[in-house]
file data_35.txt (compact mmCIF, C-alpha atoms)
# COMPACT_ATOMS: atom_id res chain seq x y z
CA MET Z 1221 -6.33 6.74 -12.70
CA SER Z 1222 -2.88 5.52 -13.68
CA ALA Z 1223 0.04 5.17 -11.28
CA GLN Z 1224 1.79 8.08 -12.96
CA GLU Z 1225 -1.24 10.33 -12.34
CA ALA Z 1226 -2.08 9.14 -8.83
CA LEU Z 1227 1.53 9.41 -7.60
CA GLU Z 1228 2.45 12.64 -9.37
CA LEU Z 1229 4.94 14.72 -7.37
CA ILE Z 1230 5.68 18.41 -7.85
CA PRO Z 1231 9.22 19.49 -6.83
CA LEU Z 1232 9.27 22.38 -4.36
CA PRO Z 1233 12.14 24.67 -3.36
CA ASP Z 1234 14.65 23.03 -1.02
CA ALA Z 1235 14.43 23.72 2.68
CA THR Z 1236 16.80 23.52 5.65
CA SER Z 1237 15.95 21.19 8.53
CA THR Z 1238 16.32 22.06 12.20
CA ASN Z 1239 19.74 20.35 12.27
CA GLY Z 1240 20.95 22.42 9.32
CA ARG Z 1241 20.68 19.72 6.64
CA ARG Z 1242 19.28 20.43 3.21
CA GLU Z 1243 15.89 18.86 2.53
CA LYS Z 1244 14.43 18.14 -0.88
CA ARG Z 1245 10.71 18.85 -0.91
CA PHE Z 1246 7.77 17.62 -3.00
CA MET Z 1247 4.00 18.04 -3.06
CA SER Z 1248 1.37 15.54 -4.17
CA ARG Z 1249 -0.92 16.61 -6.99
CA GLN Z 1250 -4.01 14.40 -6.72
CA PRO Z 1251 -6.38 13.72 -3.80
CA ALA Z 1252 -5.69 10.46 -1.96
CA TRP Z 1253 -8.34 7.77 -2.33
CA VAL Z 1254 -10.66 7.46 0.69
CA PRO Z 1255 -11.99 3.93 1.47
CA GLY Z 1256 -15.77 3.62 1.34
CA LYS Z 1257 -16.36 7.22 0.29
CA GLU Z 1258 -18.15 6.09 -2.88
CA LEU Z 1259 -20.53 3.70 -1.12
CA PRO Z 1260 -24.16 4.95 -0.89
CA MET Z 1261 -24.48 4.55 2.87
CA ASP Z 1262 -27.48 6.90 3.00
CA SER Z 1263 -29.44 4.62 0.64
CA VAL Z 1264 -29.55 1.88 3.30
CA GLY Z 1265 -30.10 4.23 6.21
CA LEU Z 1266 -26.54 4.02 7.47
CA GLY Z 1267 -25.26 7.48 6.61
CA HIS Z 1268 -24.24 7.95 10.23
CA ILE Z 1269 -21.48 5.34 9.93
CA LYS Z 1270 -18.07 6.93 9.49
CA MET Z 1271 -16.07 4.50 7.38
CA THR Z 1272 -12.64 5.88 8.11
CA ARG Z 1273 -10.84 8.76 9.77
CA GLY Z 1274 -8.84 9.48 6.68
CA ALA Z 1275 -7.41 8.55 3.31
CA PHE Z 1276 -6.07 5.14 2.29
CA GLY Z 1277 -2.68 4.83 3.97
CA GLY Z 1278 -1.17 3.08 0.96
CA VAL Z 1279 -1.12 6.41 -0.88
CA VAL Z 1280 1.33 8.17 1.42
CA TYR Z 1281 3.16 4.86 1.96
CA ALA Z 1282 3.89 4.72 -1.78
CA MET Z 1283 4.51 8.42 -2.37
CA ALA Z 1284 7.00 8.99 0.45
CA PRO Z 1285 9.54 6.42 -0.82
CA LEU Z 1286 8.91 7.62 -4.37
CA ALA Z 1287 9.87 11.15 -3.28
CA ALA Z 1288 13.04 9.73 -1.74
CA ALA Z 1289 13.72 7.78 -4.92
CA ARG Z 1290 13.42 10.89 -7.06
CA THR Z 1291 16.21 12.56 -5.07
CA VAL Z 1292 18.45 9.49 -5.40
CA GLU Z 1293 17.68 9.17 -9.13
CA GLU Z 1294 18.67 12.80 -9.67
CA GLU Z 1295 22.01 12.18 -7.96
CA GLU Z 1296 22.57 9.01 -10.00
CA THR Z 1297 21.88 10.91 -13.23
CA GLU Z 1298 24.36 13.63 -12.23
CA ARG Z 1299 26.98 10.92 -11.65
CA GLY Z 1300 26.26 9.34 -15.03
CA THR Z 1301 25.38 5.93 -13.53
CA ASP Z 1302 24.49 3.30 -16.09
CA MET Z 1303 20.74 2.58 -16.21
CA GLY Z 1304 21.23 -1.11 -15.40
CA ASN Z 1305 23.27 -0.36 -12.28
CA LYS Z 1306 21.23 2.39 -10.63
CA LEU Z 1307 20.14 2.29 -7.00
CA GLY Z 1308 16.64 0.92 -6.49
CA ILE Z 1309 14.36 0.87 -3.47
CA HIS Z 1310 15.35 -1.97 -1.14
CA SER Z 1311 13.15 -1.31 1.91
CA ILE Z 1312 10.53 1.04 3.35
CA GLN Z 1313 10.14 1.29 7.11
CA GLY Z 1314 7.21 3.53 7.89
CA VAL Z 1315 5.26 4.86 10.88
CA PHE Z 1316 1.76 6.31 10.59
CA THR Z 1317 1.40 9.14 13.10
CA ASN Z 1318 -1.86 10.86 12.08
CA PRO Z 1319 -4.63 10.09 9.58
CA GLY Z 1320 -4.05 11.52 6.11
CA LEU Z 1321 -6.84 13.62 4.60
CA GLY Z 1322 -8.06 13.46 1.02
CA ASP Z 1323 -8.96 17.14 0.59
CA ARG Z 1324 -5.41 18.52 0.73
CA PRO Z 1325 -1.96 17.55 -0.57
CA PHE Z 1326 0.87 15.77 1.16
CA ILE Z 1327 4.14 17.68 1.59
CA PHE Z 1328 7.25 15.46 1.58
CA ASN Z 1329 10.54 16.52 3.17
CA VAL Z 1330 13.40 14.21 2.13
CA SER Z 1331 16.80 14.26 3.81
CA GLU Z 1332 19.95 12.19 3.40
CA VAL Z 1333 20.84 9.75 6.17
CA SER Z 1334 23.79 8.05 4.47
CA SER Z 1335 25.21 7.39 1.01
CA SER Z 1336 27.76 4.90 -0.18
CA ARG Z 1337 28.69 3.26 -3.44
CA ALA Z 1338 26.28 0.33 -3.08
CA PHE Z 1339 23.77 1.32 -0.38
CA SER Z 1340 22.02 4.57 0.50
CA THR Z 1341 19.41 5.70 3.02
CA ARG Z 1342 16.95 8.60 3.05
CA SER Z 1343 14.41 9.74 5.63
CA VAL Z 1344 11.06 11.24 4.67
CA ASN Z 1345 8.76 13.27 6.91
CA VAL Z 1346 5.29 13.99 5.59
CA TYR Z 1347 2.87 16.78 6.48
CA GLN Z 1348 -0.38 18.24 5.18
CA PRO Z 1349 -1.70 21.82 5.21
CA ALA Z 1350 -3.76 22.59 8.29
CA GLU Z 1351 -6.72 23.59 6.10
CA PRO Z 1352 -8.30 22.00 2.99
CA SER Z 1353 -7.00 22.93 -0.44
CA SER Z 1354 -8.61 25.75 -2.41
CA ASN Z 1355 -9.36 22.98 -4.94
CA PRO Z 1356 -10.09 19.98 -2.65
CA THR Z 1357 -11.11 17.68 -5.52
CA GLY Z 1358 -7.73 18.21 -7.23
CA PRO Z 1359 -5.46 18.75 -8.93
CA PHE Z 1360 -3.99 20.70 -6.04
CA PRO Z 1361 -2.54 24.14 -6.90
CA ILE Z 1362 1.09 24.86 -6.10
CA SER Z 1363 -0.09 27.61 -3.72
CA ASP Z 1364 -1.15 24.85 -1.27
CA ALA Z 1365 2.54 24.26 -0.55
CA SER Z 1366 2.77 27.70 1.07
CA ALA Z 1367 -0.11 27.12 3.50
CA PRO Z 1368 0.61 26.54 7.21
CA LEU Z 1369 1.25 22.86 7.89
CA GLY Z 1370 -0.37 20.60 10.43
CA ASN Z 1371 1.32 17.87 12.44
CA ASN Z 1372 3.38 15.08 10.93
CA CYS Z 1373 1.17 12.33 9.47
CA PHE Z 1374 3.80 9.81 8.29
CA SER Z 1375 7.54 9.22 8.51
CA CYS Z 1376 9.74 6.56 6.97
CA ILE Z 1377 13.27 5.40 6.35
CA VAL Z 1378 13.91 4.28 2.76
CA THR Z 1379 16.97 2.24 1.80
CA PHE Z 1380 18.38 1.83 -1.71
CA LYS Z 1381 20.59 -0.90 -3.10
CA ARG Z 1382 22.33 -1.59 -6.41
CA PRO Z 1383 21.53 -4.74 -8.44
CA SER Z 1384 23.78 -7.69 -7.74
CA PRO Z 1385 24.18 -11.29 -8.93
CA SER Z 1386 22.91 -14.08 -6.67
CA PRO Z 1387 24.84 -17.30 -5.95
CA ALA Z 1388 21.56 -19.07 -5.07
CA ASP Z 1389 17.77 -18.59 -5.29
CA VAL Z 1390 15.78 -20.16 -2.44
CA GLN Z 1391 12.08 -19.64 -1.75
CA ASN Z 1392 8.91 -21.45 -0.73
CA LEU Z 1393 6.56 -23.01 -3.28
CA PRO Z 1394 4.60 -20.20 -4.93
CA PRO Z 1395 0.85 -19.79 -4.36
CA GLN Z 1396 0.28 -20.67 -8.01
CA GLU Z 1397 1.30 -24.22 -6.99
CA ARG Z 1398 0.09 -24.40 -3.37
CA TYR Z 1399 -3.40 -23.14 -4.24
CA ALA Z 1400 -3.55 -24.40 -7.82
CA ASP Z 1401 -6.98 -26.01 -7.45
CA ILE Z 1402 -8.52 -22.76 -6.21
CA LEU Z 1403 -6.75 -20.42 -8.62
CA SER Z 1404 -7.48 -22.60 -11.65
CA SER Z 1405 -11.20 -22.78 -10.89
CA ARG Z 1406 -11.82 -19.61 -12.90
CA PRO Z 1407 -9.88 -17.01 -14.95
CA PRO Z 1408 -8.28 -14.26 -12.83
CA SER Z 1409 -10.56 -11.53 -14.20
CA GLU Z 1410 -13.65 -13.47 -13.08
CA TRP Z 1411 -12.85 -13.25 -9.38
CA PRO Z 1412 -14.76 -10.33 -7.79
CA GLY Z 1413 -13.09 -6.96 -7.48
CA CYS Z 1414 -11.59 -6.15 -4.09
CA PRO Z 1415 -14.19 -4.48 -1.86
CA GLN Z 1416 -13.73 -0.78 -1.29
CA ALA Z 1417 -13.76 -1.59 2.43
CA ASP Z 1418 -13.41 -5.32 3.12
CA ILE Z 1419 -15.44 -5.40 6.34
CA ASP Z 1420 -18.11 -8.10 6.61
CA ILE Z 1421 -20.95 -5.71 7.34
CA ILE Z 1422 -20.05 -3.50 4.36
CA THR Z 1423 -19.57 -6.35 1.89
CA ALA Z 1424 -22.93 -7.79 3.02
CA LEU Z 1425 -24.66 -4.46 2.39
CA PHE Z 1426 -22.90 -3.75 -0.92
CA PRO Z 1427 -21.93 -7.12 -2.42
CA ASP Z 1428 -21.61 -5.80 -5.98
CA ALA Z 1429 -20.02 -2.39 -5.36
CA GLY Z 1430 -16.68 -3.36 -6.93
CA GLN Z 1431 -13.47 -1.45 -6.29
CA GLY Z 1432 -14.93 1.88 -7.39
CA ALA Z 1433 -12.41 4.56 -8.33
CA PHE Z 1434 -9.53 2.81 -6.57
CA PRO Z 1435 -6.50 4.04 -8.55
CA MET Z 1436 -3.47 2.49 -10.21
CA LEU Z 1437 -4.25 -1.22 -9.94
CA GLU Z 1438 -6.98 -3.66 -10.86
CA MET Z 1439 -7.35 -5.97 -7.87
CA ARG Z 1440 -9.33 -9.22 -7.64
CA LYS Z 1441 -10.04 -11.14 -4.44
CA VAL Z 1442 -9.89 -14.93 -4.57
CA ASP Z 1443 -12.60 -16.73 -2.57
CA MET Z 1444 -10.69 -18.58 0.16
CA THR Z 1445 -13.76 -19.26 2.34
CA GLU Z 1446 -13.70 -23.03 1.98
CA TYR Z 1447 -9.92 -23.24 2.42
CA ASN Z 1448 -10.06 -21.17 5.62
CA ALA Z 1449 -13.17 -22.77 7.13
CA ASP Z 1450 -11.51 -25.31 9.43
CA LYS Z 1451 -8.28 -23.43 10.18
CA PRO Z 1452 -7.21 -21.23 13.11
CA VAL Z 1453 -6.65 -17.58 12.22
CA PRO Z 1454 -2.82 -17.80 11.89
CA ASP Z 1455 -3.19 -20.60 9.30
CA ARG Z 1456 -5.76 -18.83 7.14
CA ARG Z 1457 -4.82 -17.14 3.89
CA GLU Z 1458 -6.25 -14.48 1.59
CA LEU Z 1459 -5.11 -14.12 -2.02
CA ILE Z 1460 -5.37 -10.91 -4.03
CA LEU Z 1461 -4.60 -10.81 -7.75
CA TYR Z 1462 -3.41 -7.51 -9.19
CA ARG Z 1463 -2.19 -5.82 -12.34
CA PRO Z 1464 -1.89 -2.16 -13.47
CA LEU Z 1465 -4.94 -0.30 -14.72
CA LYS Z 1466 -2.69 1.38 -17.28
CA PRO Z 1467 0.88 0.53 -18.35
CA ILE Z 1468 3.66 1.80 -16.09
CA PRO Z 1469 6.84 2.93 -17.90
CA ARG Z 1470 9.17 -0.04 -17.67
CA GLU Z 1471 12.26 2.10 -17.08
CA ASP Z 1472 10.72 3.72 -13.96
CA LEU Z 1473 11.70 0.83 -11.69
CA ASN Z 1474 11.05 2.65 -8.43
CA MET Z 1475 7.51 3.46 -9.58
CA HIS Z 1476 6.90 -0.27 -10.05
CA ILE Z 1477 8.29 -1.01 -6.58
CA VAL Z 1478 6.10 1.54 -4.78
CA CYS Z 1479 3.06 0.15 -6.61
CA HIS Z 1480 3.71 -3.16 -4.86
CA ALA Z 1481 3.94 -1.32 -1.53
CA PHE Z 1482 0.72 0.55 -2.33
CA GLU Z 1483 -1.07 -2.72 -3.09
CA ALA Z 1484 0.26 -4.48 0.02
CA ASP Z 1485 -1.61 -2.07 2.32
CA ARG Z 1486 -5.02 -2.72 0.74
CA ASN Z 1487 -7.68 -3.91 3.24
CA GLY Z 1488 -5.06 -5.80 5.27
CA LEU Z 1489 -5.89 -5.23 8.93
CA ILE Z 1490 -9.64 -4.96 8.34
CA MET Z 1491 -9.55 -8.39 6.71
CA GLN Z 1492 -7.94 -9.61 9.91
CA SER Z 1493 -10.82 -8.09 11.87
CA ASN Z 1494 -13.21 -10.31 9.89
CA HIS Z 1495 -11.22 -13.41 10.80
CA LEU Z 1496 -11.24 -12.33 14.46
CA GLY Z 1497 -15.04 -12.15 14.39
CA TYR Z 1498 -15.26 -8.34 14.46
CA GLY Z 1499 -16.54 -7.93 10.89
CA TYR Z 1500 -20.02 -6.87 11.99
CA ASN Z 1501 -18.94 -4.91 15.02
CA LEU Z 1502 -15.56 -3.35 14.20
CA GLY Z 1503 -14.67 -0.41 16.38
CA VAL Z 1504 -11.29 0.67 15.04
CA ALA Z 1505 -8.53 -0.69 12.81
CA ALA Z 1506 -5.46 1.38 12.02
CA THR Z 1507 -1.89 0.67 10.98
CA LEU Z 1508 0.84 1.82 13.34
CA SER Z 1509 3.96 0.66 11.51
CA PHE Z 1510 4.63 -1.03 8.19
CA SER Z 1511 7.90 -2.39 6.78
CA PHE Z 1512 8.26 -3.53 3.18
CA TYR Z 1513 11.27 -5.32 1.68
CA ILE Z 1514 12.21 -6.00 -1.94
CA HIS Z 1515 14.16 -9.25 -2.07
CA THR Z 1516 15.11 -9.22 -5.75
CA ASN Z 1517 16.90 -6.81 -8.03
CA PRO Z 1518 14.60 -3.93 -9.05
CA GLU Z 1519 14.15 -5.23 -12.61
CA GLU Z 1520 12.30 -8.28 -11.28
CA ALA Z 1521 9.66 -6.07 -9.61
CA VAL Z 1522 8.40 -4.69 -12.95
CA ILE Z 1523 4.62 -5.08 -13.23
CA GLU Z 1524 3.73 -5.86 -16.83
CA ASP Z 1525 0.12 -5.30 -17.88
CA ASP Z 1526 -0.35 -8.80 -19.33
CA GLY Z 1527 0.11 -10.90 -16.17
CA TRP Z 1528 -1.43 -11.18 -12.71
CA TRP Z 1529 0.66 -10.77 -9.57
CA VAL Z 1530 -0.46 -12.57 -6.40
CA GLN Z 1531 -0.56 -11.02 -2.95
CA GLU Z 1532 -0.61 -13.71 -0.25
CA VAL Z 1533 -1.75 -12.44 3.16
CA TYR Z 1534 -1.83 -13.99 6.61
CA TRP Z 1535 -2.02 -12.87 10.24
CA PRO Z 1536 0.24 -14.77 12.68
CA ARG Z 1537 -0.59 -12.82 15.86
CA TYR Z 1538 -3.26 -10.82 17.65
CA VAL Z 1539 -2.87 -9.71 21.28
CA SER Z 1540 -3.22 -6.54 23.38
CA GLY Z 1541 -5.53 -5.07 20.75
CA ARG Z 1542 -2.82 -5.28 18.10
CA GLY Z 1543 -2.78 -7.41 14.99
CA SER Z 1544 0.21 -8.40 12.88
CA MET Z 1545 0.06 -9.05 9.15
CA ILE Z 1546 2.52 -10.56 6.71
CA THR Z 1547 2.03 -10.05 3.00
CA LEU Z 1548 4.05 -11.65 0.20
CA ALA Z 1549 4.19 -10.38 -3.38
CA TRP Z 1550 4.57 -13.13 -6.00
CA SER Z 1551 5.24 -12.50 -9.68
CA PRO Z 1552 3.09 -14.10 -12.40
CA GLU Z 1553 5.95 -16.58 -12.87
CA GLY Z 1554 5.89 -17.53 -9.17
CA LYS Z 1555 8.91 -15.58 -7.91
CA HIS Z 1556 8.75 -14.22 -4.35
CA VAL Z 1557 9.68 -10.59 -4.96
CA ALA Z 1558 8.70 -8.70 -1.79
CA THR Z 1559 7.44 -9.09 1.78
CA GLY Z 1560 5.54 -6.67 4.01
CA TYR Z 1561 5.28 -6.73 7.80
CA GLN Z 1562 2.51 -4.66 9.35
CA ASP Z 1563 1.42 -3.98 12.93
CA GLY Z 1564 -1.70 -2.08 13.92
CA ILE Z 1565 -4.58 -1.71 16.35
CA ILE Z 1566 -7.84 -3.63 15.99
CA PHE Z 1567 -10.68 -3.32 18.50
CA PRO Z 1568 -14.35 -4.34 18.33
CA MET Z 1569 -17.13 -1.97 19.31
CA GLN Z 1570 -17.95 -2.11 23.00
CA THR Z 1571 -21.66 -2.29 22.19
CA GLU Z 1572 -23.41 -3.92 19.25
CA ARG Z 1573 -24.04 -1.69 16.25
CA PRO Z 1574 -27.76 -1.06 15.68
CA GLU Z 1575 -27.36 -1.49 11.91
CA MET Z 1576 -26.58 -5.20 12.41
CA ALA Z 1577 -30.33 -5.76 12.91
CA LYS Z 1578 -30.88 -4.65 9.30
CA LEU Z 1579 -28.96 -7.62 7.89
call {"tool": "encode", "arguments": {"input": "data_35.txt", "output": "structure tokens"}}
result
Amino acid sequence: MSAQEALELIPLPDATSTNGRREKRFMSRQPAWVPGKELPMDSVGLGHIKMTRGAFGGVVYAMAPLAAARTVEEEETERGTDMGNKLGIHSIQGVFTNPGLGDRPFIFNVSEVSSSRAFSTRSVNVYQPAEPSSNPTGPFPISDASAPLGNNCFSCIVTFKRPSPSPADVQNLPPQERYADILSSRPPSEWPGCPQADIDIITALFPDAGQGAFPMLEMRKVDMTEYNADKPVPDRRELILYRPLKPIPREDLNMHIVCHAFEADRNGLIMQSNHLGYGYNLGVAATLSFSFYIHTNPEEAVIEDDGWWVQEVYWPRYVSGRGSMITLAWSPEGKHVATGYQDGIIFPMQTERPEMAKL
């Protein structure tokens, strides 16, 4: 499924918030992807394992800022702003409050926080109907928007900035240089597809499952086992290569940006659980907050379909049951375009899982 299909938003009638402000509203059209749902757990006698409490968080993390962007883009069009000088997403600062569900749409309420000539801010609060959709496999009918809503599942602040010239360009050496020996050992498309759920026990049971129906992006995981073998967890790295499954309209710059945010949330904290030694006995892993920053002008975040972007991931801290993750997005040319900072809970099971004996 393309990015345009997976992130389709239906405009809804405006609403008024509790403080009297006008809210622009949108509804998602397609079911959110659920990690591990396609894996045949029953075939190995493990149907009792519940892979996740909900949908992949990257879906709502991408759609909420896209909803905010659509309101800003409408205002820019009304003002007649030149295409090359329009506001683009600069940052996303999100909080996950409840698991999202794949059998019903997300409802996005967007409100203005501030607007100025060069910098604007919007807040987005996201809800889902309290009951499943009448068409839970999608596309969701517009009537779902009128159903009673459950509790908030995600909120974020989205900032927008205009393009500007830079007096300098300073960054670290790109992964294409630092890990050249590893990356050049095979063509990008020959690295295995990202696991649907990158937990050691699951990848051991289903080593050839591939990424399944994961939407929008083709993602390949580089084998960093040898590199990481003698390093403490904070010094270890994982590299993910990605490109669009189908072309994304070049002029839709904010769509390109949210695709990077969507990708940055893939398997992050559960990969950390593997490095912590919880990969065969993971109890829970869930993101609490996630901030994502675009360092460049929006034009430099465009994801062409003929090159591979590199996601570089590492985990500098784990304490009090919480893990931190930093993810860097590098262009095919080696430019550091974006950085994500994520914090979430990771706990092992208190008792050993019986299915470990099957491996």
call {"tool": "closest_residue", "arguments": {"input": "data_35.txt", "among": "Z:Tyr1538, Z:Leu1307, Z:Gly1322, Z:Arg1245", "to": "Z:Ala1275", "atoms": "only C-alpha atoms"}}
result
Z:Gly1322
call {"tool": "closest_residue", "arguments": {"input": "data_35.txt", "among": "Z:Ala1235, Z:Ala1433, Z:Leu1496, Z:Met1569", "to": "Z:Pro1251", "atoms": "all atoms listed in the file"}}
result
Z:Ala1433
call {"tool": "atom_distance", "arguments": {"input": "data_35.txt", "atom1": "atom CA of Z:Leu1229", "atom2": "atom CA of Z:Glu1519"}}
result
22.6 Å
call {"tool": "residues_around", "arguments": {"input": "data_35.txt", "residues": "Z:Thr1379", "least_positions_apart": "4", "cutoff": "8 Å", "atoms": "only C-alpha atoms", "output": "JSON, numbers by chain"}}
result
{"Z": [1309, 1310, 1311, 1312, 1339, 1340, 1341, 1342]}
call {"tool": "residues_around", "arguments": {"input": "data_35.txt", "residues": "Z:Ala1365", "least_positions_apart": "3", "cutoff": "8 Å", "atoms": "all atoms listed in the file", "output": "list in words"}}
result
Leu1232, Met1247, Ile1327, Pro1349 and Ile1362 of chain Z
